[in-house]
file work_4.cif (mmCIF, C-alpha atoms)
data_protein
loop_
_atom_site.group_PDB
_atom_site.id
_atom_site.type_symbol
_atom_site.label_atom_id
_atom_site.label_comp_id
_atom_site.auth_asym_id
_atom_site.auth_seq_id
_atom_site.Cartn_x
_atom_site.Cartn_y
_atom_site.Cartn_z
ATOM 1 C CA MET U 504 28.918 -7.828 -9.875
ATOM 2 C CA SER U 505 26.699 -6.106 -12.442
ATOM 3 C CA GLU U 506 23.145 -5.011 -11.710
ATOM 4 C CA LEU U 507 21.715 -7.798 -13.855
ATOM 5 C CA GLU U 508 23.768 -10.373 -11.969
ATOM 6 C CA ARG U 509 22.169 -9.176 -8.727
ATOM 7 C CA VAL U 510 18.608 -9.699 -10.017
ATOM 8 C CA PRO U 511 17.025 -12.565 -8.009
ATOM 9 C CA PRO U 512 15.871 -15.730 -9.812
ATOM 10 C CA GLY U 513 12.357 -15.421 -11.175
ATOM 11 C CA VAL U 514 12.629 -11.668 -11.762
ATOM 12 C CA ASP U 515 12.503 -10.477 -15.391
ATOM 13 C CA PRO U 516 14.910 -7.503 -15.655
ATOM 14 C CA ASN U 517 12.956 -6.230 -18.669
ATOM 15 C CA VAL U 518 9.650 -5.885 -16.812
ATOM 16 C CA PRO U 519 9.073 -3.006 -14.356
ATOM 17 C CA SER U 520 7.786 -3.714 -10.873
ATOM 18 C CA SER U 521 5.406 -1.312 -9.127
ATOM 19 C CA ALA U 522 7.166 -2.030 -5.811
ATOM 20 C CA ARG U 523 10.578 -1.183 -7.262
ATOM 21 C CA VAL U 524 9.338 1.945 -9.081
ATOM 22 C CA TYR U 525 7.885 3.134 -5.769
ATOM 23 C CA ASP U 526 11.160 2.291 -4.042
ATOM 24 C CA TYR U 527 13.013 4.499 -6.531
ATOM 25 C CA LEU U 528 10.591 7.386 -6.011
ATOM 26 C CA LEU U 529 11.183 7.101 -2.262
ATOM 27 C CA GLY U 530 14.946 7.253 -2.789
ATOM 28 C CA GLY U 531 15.583 3.545 -2.263
ATOM 29 C CA LYS U 532 18.223 1.393 -3.930
ATOM 30 C CA ASP U 533 16.283 -1.824 -4.471
ATOM 31 C CA ASN U 534 15.367 -1.136 -8.086
ATOM 32 C CA ILE U 535 16.820 -1.827 -11.519
ATOM 33 C CA ALA U 536 17.161 0.066 -14.780
ATOM 34 C CA VAL U 537 13.711 -0.775 -16.153
ATOM 35 C CA ASP U 538 12.076 0.555 -12.957
ATOM 36 C CA ARG U 539 14.109 3.760 -13.005
ATOM 37 C CA ALA U 540 13.181 4.325 -16.644
ATOM 38 C CA VAL U 541 9.458 4.205 -15.804
ATOM 39 C CA ALA U 542 9.941 6.496 -12.805
ATOM 40 C CA GLU U 543 11.979 9.036 -14.771
ATOM 41 C CA LYS U 544 9.363 9.191 -17.516
ATOM 42 C CA LEU U 545 6.756 9.883 -14.846
ATOM 43 C CA LEU U 546 8.948 12.527 -13.208
ATOM 44 C CA ALA U 547 9.390 14.234 -16.577
ATOM 45 C CA VAL U 548 5.657 15.052 -16.681
ATOM 46 C CA ALA U 549 4.960 15.053 -12.913
ATOM 47 C CA PRO U 550 8.113 16.237 -11.116
ATOM 48 C CA GLU U 551 6.274 16.288 -7.774
ATOM 49 C CA ALA U 552 5.758 12.492 -7.923
ATOM 50 C CA ARG U 553 8.541 11.951 -5.365
ATOM 51 C CA ALA U 554 6.805 14.281 -2.901
ATOM 52 C CA VAL U 555 3.485 12.507 -3.492
ATOM 53 C CA ALA U 556 5.172 9.140 -2.853
ATOM 54 C CA ARG U 557 6.608 10.463 0.417
ATOM 55 C CA ALA U 558 3.205 11.856 1.401
ATOM 56 C CA ASN U 559 1.657 8.468 0.685
ATOM 57 C CA ARG U 560 4.183 6.806 2.967
ATOM 58 C CA ARG U 561 3.595 9.377 5.703
ATOM 59 C CA PHE U 562 -0.173 8.830 5.410
ATOM 60 C CA GLN U 563 0.301 5.102 5.882
ATOM 61 C CA ILE U 564 2.430 5.548 8.998
ATOM 62 C CA GLU U 565 0.138 8.159 10.554
ATOM 63 C CA ALA U 566 -2.933 6.023 9.833
ATOM 64 C CA VAL U 567 -1.611 2.825 11.415
ATOM 65 C CA ARG U 568 -0.302 4.749 14.429
ATOM 66 C CA HIS U 569 -3.774 6.207 14.925
ATOM 67 C CA VAL U 570 -5.446 2.794 14.540
ATOM 68 C CA ALA U 571 -3.034 1.211 17.034
ATOM 69 C CA ARG U 572 -3.755 4.022 19.504
ATOM 70 C CA ARG U 573 -7.441 3.110 19.194
ATOM 71 C CA GLY U 574 -6.605 -0.364 20.489
ATOM 72 C CA VAL U 575 -6.283 -2.417 17.297
ATOM 73 C CA ARG U 576 -3.467 -4.961 17.625
ATOM 74 C CA GLN U 577 -3.679 -6.830 14.302
ATOM 75 C CA PHE U 578 -2.548 -5.528 10.905
ATOM 76 C CA ILE U 579 -2.579 -7.044 7.410
ATOM 77 C CA ASP U 580 -0.546 -5.015 4.903
ATOM 78 C CA LEU U 581 -1.578 -5.967 1.364
ATOM 79 C CA GLY U 582 0.863 -4.941 -1.347
ATOM 80 C CA THR U 583 3.619 -4.274 1.147
ATOM 81 C CA GLY U 584 6.297 -3.143 -1.276
ATOM 82 C CA ILE U 585 10.001 -3.101 -0.509
ATOM 83 C CA PRO U 586 10.542 -2.465 3.229
ATOM 84 C CA THR U 587 11.351 1.061 4.338
ATOM 85 C CA SER U 588 11.845 2.528 7.783
ATOM 86 C CA PRO U 589 9.871 3.079 9.864
ATOM 87 C CA SER U 590 8.046 -0.102 8.932
ATOM 88 C CA ILE U 591 4.458 -0.877 9.853
ATOM 89 C CA HIS U 592 5.441 -3.265 12.633
ATOM 90 C CA GLU U 593 8.012 -0.829 14.033
ATOM 91 C CA THR U 594 5.384 1.925 14.093
ATOM 92 C CA VAL U 595 2.539 0.007 15.726
ATOM 93 C CA ARG U 596 4.787 -1.787 18.217
ATOM 94 C CA ARG U 597 5.905 1.572 19.547
ATOM 95 C CA VAL U 598 2.258 1.969 20.553
ATOM 96 C CA SER U 599 1.939 -1.602 21.860
ATOM 97 C CA PRO U 600 4.468 -4.468 21.679
ATOM 98 C CA ALA U 601 1.459 -6.812 21.467
ATOM 99 C CA CYS U 602 0.736 -5.766 17.858
ATOM 100 C CA ARG U 603 0.929 -8.496 15.214
ATOM 101 C CA VAL U 604 1.565 -7.791 11.528
ATOM 102 C CA ILE U 605 1.247 -9.808 8.310
ATOM 103 C CA TYR U 606 2.956 -8.440 5.198
ATOM 104 C CA VAL U 607 1.587 -9.621 1.838
ATOM 105 C CA ASP U 608 3.114 -9.054 -1.602
ATOM 106 C CA HIS U 609 3.437 -11.128 -4.765
ATOM 107 C CA ASP U 610 6.822 -9.641 -5.805
ATOM 108 C CA PRO U 611 9.690 -12.098 -5.110
ATOM 109 C CA VAL U 612 12.097 -9.206 -4.414
ATOM 110 C CA VAL U 613 9.793 -7.976 -1.647
ATOM 111 C CA ARG U 614 9.650 -11.508 -0.240
ATOM 112 C CA LEU U 615 13.460 -11.774 -0.108
ATOM 113 C CA HIS U 616 13.768 -8.479 1.744
ATOM 114 C CA ALA U 617 11.017 -9.417 4.163
ATOM 115 C CA GLN U 618 12.662 -12.741 5.005
ATOM 116 C CA VAL U 619 15.819 -10.912 6.072
ATOM 117 C CA MET U 620 14.019 -8.099 7.901
ATOM 118 C CA LEU U 621 11.689 -10.396 9.837
ATOM 119 C CA ALA U 622 14.076 -13.238 10.662
ATOM 120 C CA ASP U 623 14.000 -12.488 14.408
ATOM 121 C CA GLN U 624 10.560 -10.885 14.721
ATOM 122 C CA PRO U 625 7.990 -13.049 16.533
ATOM 123 C CA GLY U 626 4.449 -11.925 15.879
ATOM 124 C CA VAL U 627 5.361 -10.590 12.423
ATOM 125 C CA ALA U 628 5.266 -12.626 9.203
ATOM 126 C CA SER U 629 5.483 -12.164 5.456
ATOM 127 C CA ILE U 630 3.803 -14.192 2.736
ATOM 128 C CA GLN U 631 4.129 -14.111 -1.028
ATOM 129 C CA ALA U 632 0.567 -14.009 -2.305
ATOM 130 C CA ASP U 633 -1.637 -12.221 -4.818
ATOM 131 C CA LEU U 634 -4.089 -9.591 -3.586
ATOM 132 C CA ARG U 635 -6.442 -10.750 -6.333
ATOM 133 C CA LYS U 636 -6.915 -14.051 -4.469
ATOM 134 C CA PRO U 637 -8.205 -12.968 -1.062
ATOM 135 C CA ALA U 638 -9.448 -16.462 -0.151
ATOM 136 C CA ASP U 639 -5.884 -17.794 -0.456
ATOM 137 C CA ILE U 640 -4.544 -15.010 1.774
ATOM 138 C CA LEU U 641 -7.243 -15.464 4.394
ATOM 139 C CA ALA U 642 -6.595 -19.216 4.510
ATOM 140 C CA ASP U 643 -2.800 -18.969 4.636
ATOM 141 C CA PRO U 644 -1.461 -20.625 7.815
ATOM 142 C CA HIS U 645 0.713 -17.593 8.611
ATOM 143 C CA VAL U 646 -2.406 -15.427 8.561
ATOM 144 C CA THR U 647 -4.620 -17.837 10.505
ATOM 145 C CA GLY U 648 -1.798 -18.364 12.999
ATOM 146 C CA LEU U 649 -1.395 -14.656 13.787
ATOM 147 C CA ILE U 650 -4.740 -13.005 13.053
ATOM 148 C CA ASP U 651 -7.893 -13.572 15.100
ATOM 149 C CA PHE U 652 -10.767 -12.298 12.977
ATOM 150 C CA GLU U 653 -13.060 -12.291 15.992
ATOM 151 C CA GLN U 654 -11.049 -9.271 17.139
ATOM 152 C CA PRO U 655 -10.601 -5.938 15.287
ATOM 153 C CA VAL U 656 -8.072 -5.967 12.486
ATOM 154 C CA CYS U 657 -6.596 -3.220 10.305
ATOM 155 C CA VAL U 658 -6.307 -4.058 6.606
ATOM 156 C CA LEU U 659 -3.999 -1.862 4.541
ATOM 157 C CA MET U 660 -4.419 -1.432 0.779
ATOM 158 C CA VAL U 661 -2.099 1.526 0.312
ATOM 159 C CA GLY U 662 -1.197 2.315 -3.288
ATOM 160 C CA VAL U 663 -2.118 -1.161 -4.506
ATOM 161 C CA LEU U 664 -5.733 -1.372 -5.737
ATOM 162 C CA HIS U 665 -4.985 0.812 -8.760
ATOM 163 C CA PHE U 666 -2.937 -2.162 -10.031
ATOM 164 C CA VAL U 667 -6.118 -4.259 -10.001
ATOM 165 C CA MET U 668 -8.015 -3.888 -13.260
ATOM 166 C CA ASP U 669 -11.805 -3.536 -13.350
ATOM 167 C CA THR U 670 -12.081 -7.067 -14.773
ATOM 168 C CA GLU U 671 -10.305 -8.326 -11.639
ATOM 169 C CA ASP U 672 -13.037 -6.882 -9.398
ATOM 170 C CA PRO U 673 -11.330 -4.547 -6.906
ATOM 171 C CA TYR U 674 -14.653 -4.034 -5.108
ATOM 172 C CA GLY U 675 -15.049 -7.768 -4.611
ATOM 173 C CA ILE U 676 -11.532 -7.966 -3.176
ATOM 174 C CA VAL U 677 -12.280 -5.310 -0.559
ATOM 175 C CA ALA U 678 -15.622 -6.959 0.216
ATOM 176 C CA ALA U 679 -13.919 -10.328 0.788
ATOM 177 C CA PHE U 680 -11.796 -8.818 3.550
ATOM 178 C CA ARG U 681 -14.642 -6.645 4.879
ATOM 179 C CA LYS U 682 -16.702 -9.792 5.474
ATOM 180 C CA HIS U 683 -14.098 -10.931 8.028
ATOM 181 C CA MET U 684 -13.750 -7.574 9.812
ATOM 182 C CA VAL U 685 -15.649 -7.099 13.084
ATOM 183 C CA PRO U 686 -16.673 -3.684 14.451
ATOM 184 C CA GLY U 687 -13.644 -1.645 15.433
ATOM 185 C CA SER U 688 -11.710 -2.888 12.397
ATOM 186 C CA HIS U 689 -10.212 -0.387 9.945
ATOM 187 C CA LEU U 690 -9.391 -0.138 6.237
ATOM 188 C CA VAL U 691 -6.423 2.070 5.256
ATOM 189 C CA LEU U 692 -6.409 2.803 1.517
ATOM 190 C CA SER U 693 -4.875 5.102 -1.077
ATOM 191 C CA HIS U 694 -5.475 5.074 -4.819
ATOM 192 C CA ALA U 695 -4.311 6.789 -8.031
ATOM 193 C CA MET U 696 -6.991 9.122 -9.316
ATOM 194 C CA ALA U 697 -8.524 9.832 -12.697
ATOM 195 C CA GLU U 698 -8.391 13.496 -11.646
ATOM 196 C CA SER U 699 -4.629 13.365 -12.299
ATOM 197 C CA SER U 700 -3.128 15.244 -15.254
ATOM 198 C CA PRO U 701 -4.131 13.569 -18.558
ATOM 199 C CA GLU U 702 -0.527 13.949 -19.746
ATOM 200 C CA ALA U 703 0.821 12.170 -16.660
ATOM 201 C CA ILE U 704 -1.766 9.386 -16.958
ATOM 202 C CA ALA U 705 -0.927 8.910 -20.643
ATOM 203 C CA GLN U 706 2.820 8.745 -19.955
ATOM 204 C CA LEU U 707 2.494 6.273 -17.113
ATOM 205 C CA THR U 708 0.021 4.133 -19.063
ATOM 206 C CA LEU U 709 2.351 4.037 -22.084
ATOM 207 C CA SER U 710 5.380 3.148 -19.942
ATOM 208 C CA THR U 711 3.698 0.280 -18.096
ATOM 209 C CA ALA U 712 1.207 -1.151 -20.610
ATOM 210 C CA GLY U 713 1.005 -4.922 -20.390
ATOM 211 C CA THR U 714 3.184 -5.151 -17.274
ATOM 212 C CA PRO U 715 2.360 -5.758 -13.591
ATOM 213 C CA ALA U 716 3.028 -2.034 -13.024
ATOM 214 C CA GLN U 717 0.101 -1.020 -15.250
ATOM 215 C CA GLY U 718 -2.450 0.967 -13.284
ATOM 216 C CA ALA U 719 -6.108 1.957 -13.434
ATOM 217 C CA PHE U 720 -6.817 5.595 -12.593
ATOM 218 C CA ARG U 721 -10.293 5.749 -11.054
ATOM 219 C CA PRO U 722 -12.460 8.827 -10.374
ATOM 220 C CA HIS U 723 -13.215 9.942 -6.834
ATOM 221 C CA GLY U 724 -16.698 8.422 -6.809
ATOM 222 C CA GLU U 725 -15.428 4.979 -7.792
ATOM 223 C CA VAL U 726 -12.685 5.019 -5.171
ATOM 224 C CA LEU U 727 -15.235 6.126 -2.573
ATOM 225 C CA ARG U 728 -17.233 2.966 -3.416
ATOM 226 C CA LEU U 729 -14.313 0.881 -2.134
ATOM 227 C CA PHE U 730 -15.247 2.074 1.373
ATOM 228 C CA GLU U 731 -18.732 0.554 1.194
ATOM 229 C CA GLY U 732 -19.467 -0.884 4.643
ATOM 230 C CA PHE U 733 -16.980 1.454 6.342
ATOM 231 C CA GLU U 734 -17.402 4.841 8.011
ATOM 232 C CA LEU U 735 -14.725 7.266 6.842
ATOM 233 C CA ILE U 736 -12.851 8.960 9.677
ATOM 234 C CA GLY U 737 -10.840 12.172 9.810
ATOM 235 C CA PRO U 738 -10.924 14.286 6.656
ATOM 236 C CA GLY U 739 -12.530 11.539 4.547
ATOM 237 C CA LEU U 740 -11.205 10.596 1.110
ATOM 238 C CA VAL U 741 -8.845 13.427 0.146
ATOM 239 C CA PRO U 742 -5.538 13.952 -1.697
ATOM 240 C CA VAL U 743 -2.931 12.045 0.252
ATOM 241 C CA GLN U 744 -0.890 15.116 1.206
ATOM 242 C CA ASP U 745 -4.032 16.621 2.782
ATOM 243 C CA TRP U 746 -4.938 13.595 4.933
ATOM 244 C CA ARG U 747 -4.227 14.584 8.537
ATOM 245 C CA LEU U 748 -5.442 13.656 11.988
ATOM 246 C CA GLY U 749 -3.061 15.926 13.830
ATOM 247 C CA ASP U 750 -1.298 13.127 15.699
ATOM 248 C CA GLY U 751 1.450 12.407 13.193
ATOM 249 C CA ASP U 752 4.509 14.044 11.674
ATOM 250 C CA ASP U 753 4.155 16.847 9.146
ATOM 251 C CA ILE U 754 3.402 15.531 5.681
ATOM 252 C CA PRO U 755 5.608 17.037 2.958
ATOM 253 C CA LEU U 756 3.735 19.693 0.997
ATOM 254 C CA VAL U 757 3.170 19.291 -2.716
ATOM 255 C CA ASP U 758 3.321 22.606 -4.538
ATOM 256 C CA GLY U 759 -0.016 23.165 -6.249
ATOM 257 C CA PRO U 760 -2.387 20.431 -7.454
ATOM 258 C CA PRO U 761 -0.246 17.344 -8.163
ATOM 259 C CA ARG U 762 -0.205 16.038 -11.707
ATOM 260 C CA ILE U 763 -0.253 12.505 -10.339
ATOM 261 C CA ARG U 764 -2.927 12.542 -7.667
ATOM 262 C CA LEU U 765 -3.368 9.927 -4.966
ATOM 263 C CA ASP U 766 -6.393 10.084 -2.701
ATOM 264 C CA ALA U 767 -6.315 8.482 0.733
ATOM 265 C CA GLY U 768 -8.831 7.502 3.366
ATOM 266 C CA VAL U 769 -9.331 5.421 6.484
ATOM 267 C CA GLY U 770 -12.600 3.605 7.091
ATOM 268 C CA ARG U 771 -13.862 2.053 10.312
ATOM 269 C CA VAL U 772 -16.316 -0.817 10.707
ATOM 270 C CA THR U 773 -19.068 0.313 13.068
ATOM 271 C CA VAL U 774 -21.648 -2.482 12.567
ATOM 272 C CA GLN U 775 -21.575 -6.089 11.393
#
call {"tool": "encode", "arguments": {"input": "work_4.cif", "output": "structure tokens"}}
result
Amino acid sequence: MSELERVPPGVDPNVPSSARVYDYLLGGKDNIAVDRAVAEKLLAVAPEARAVARANRRFQIEAVRHVARRGVRQFIDLGTGIPTSPSIHETVRRVSPACRVIYVDHDPVVRLHAQVMLADQPGVASIQADLRKPADILADPHVTGLIDFEQPVCVLMVGVLHFVMDTEDPYGIVAAFRKHMVPGSHLVLSHAMAESSPEAIAQLTLSTAGTPAQGAFRPHGEVLRLFEGFELIGPGLVPVQDWRLGDGDDIPLVDGPPRIRLDAGVGRVTVQ
């Protein structure tokens, strides 16, 4: 069977997917030629992009482990991407089997993988939904059936808000979830930065223009605004490879300032 014959219904093989490009950078196999072409063009101008992708994944795992150790038992992962191991639910359930996890992504390939992965996982669910419509996510019966918003919840927006254009109001999206988060809740977020190499930004913008993989590179101050209503913990909002709490695995080092820069942070709700 050819690669095109394996493409699920509803997936345009001529349009790159951010989830599949990320999968390729992480060394996965759930990607197609158009995704690999975008990734290779990025790697040509930012060869450390694979290491940054791995650091982003390590940040995510270390952050949710820390949040679970603080007693949070509910997690909503927005923009899940194609499953990799260890997954979010595997990580937090090693801290407490009582943890419940909702995975959210609009990519049908992600949904297919999640259905297989979660077939026998009570307390874990996946929905196909658009981050840009937070009201729909918050009202989804899978979410309302697993998540009690009167208790602390961890919302993950790792490597996803840079795919939300300014006209789509990324700040309003975060605020919609923040409104439902009681004290003790956490926001885990990483974002592509305008402080990246202009050449790398130009190449990635050219390769993804007009597709769902098109991104918005925002400066540090604008990304910091996404944490309005949260208290940053640990090192604050810093390049993803530098985000450490000391209770996780070593994050792969990126030699020198990365040409594609992701900043990461974890915020905690301290007051209503």
call {"tool": "closest_residue", "arguments": {"input": "work_4.cif", "among": "U:Val518, U:Arg572, U:Ala678, U:Phe578", "to": "Ile535 in chain U", "atoms": "all atoms listed in the file"}}
result
U:Val518
call {"tool": "closest_atom_pairs", "arguments": {"input": "work_4.cif", "of": "range 524-626 of chain U", "to": "range 710-713 of chain U", "cutoff": "10 Å", "atoms": "all atoms listed in the file", "output": "Markdown table"}}
result
| residue | atom | partner | partner_atom | distance |
| --- | --- | --- | --- | --- |
| U:Val537 | CA | U:Ser710 | CA | 10.0 |
| U:Asp538 | CA | U:Thr711 | CA | 9.8 |
| U:Ala540 | CA | U:Ser710 | CA | 8.6 |
| U:Val541 | CA | U:Ser710 | CA | 5.9 |
| U:Ala542 | CA | U:Ser710 | CA | 9.1 |
| U:Lys544 | CA | U:Ser710 | CA | 7.6 |
| U:Leu545 | CA | U:Ser710 | CA | 8.6 |
call {"tool": "closest_residue", "arguments": {"input": "work_4.cif", "among": "U:Cys657, U:Asp669, U:Ser700, U:Pro600", "to": "His569 in chain U", "atoms": "all atoms listed in the file"}}
result
U:Cys657
call {"tool": "residues_around", "arguments": {"input": "work_4.cif", "residues": "Trp746 in chain U", "least_positions_apart": "5", "cutoff": "9 Å", "atoms": "only C-alpha atoms", "output": "count of residues only"}}
result
10
call {"tool": "axis_aligned_box", "arguments": {"input": "work_4.cif", "around": "range 557-570 of chain U", "padding_each_side": "6 Å", "output": "lines of an AutoDock Vina configuration file"}}
result
center_x = 0.6
center_y = 7.3
center_z = 7.7
size_x = 24.1
size_y = 21.1
size_z = 26.5
call {"tool": "closest_residue", "arguments": {"input": "work_4.cif", "among": "U:Val595, U:Ala552, U:Met668, U:Ala697", "to": "Arg573 in chain U", "atoms": "only C-alpha atoms"}}
result
U:Val595
call {"tool": "residues_around", "arguments": {"input": "work_4.cif", "residues": "Ile630 in chain U", "least_positions_apart": "2", "cutoff": "7 Å", "atoms": "only C-alpha atoms", "output": "list in words"}}
result
Tyr606, Val607, Asp608, Ala628 and Ala632 of chain U
call {"tool": "atom_distance", "arguments": {"input": "work_4.cif", "atom1": "CA of Val555 in chain U", "atom2": "CA of Ala536 in chain U"}}
result
21.7 Å
call {"tool": "closest_residue", "arguments": {"input": "work_4.cif", "among": "U:Glu593, U:Glu731, U:Glu543, U:Asp633", "to": "Arg681 in chain U", "atoms": "only C-alpha atoms"}}
result
U:Glu731
call {"tool": "resolve_selection", "arguments": {"input": "work_4.cif", "expression": "the PyMOL selection byres ((chain U and resi 558) around 7)", "output": "list in words"}}
result
Ala554, Val555, Ala556, Arg557, Asn559, Arg560, Arg561, Phe562, Val743, Gln744, Ile754 and Pro755 of chain U
call {"tool": "closest_residue", "arguments": {"input": "work_4.cif", "among": "U:Ile763, U:Val613, U:Met684, U:Met660", "to": "Arg523 in chain U", "atoms": "all atoms listed in the file"}}
result
U:Val613
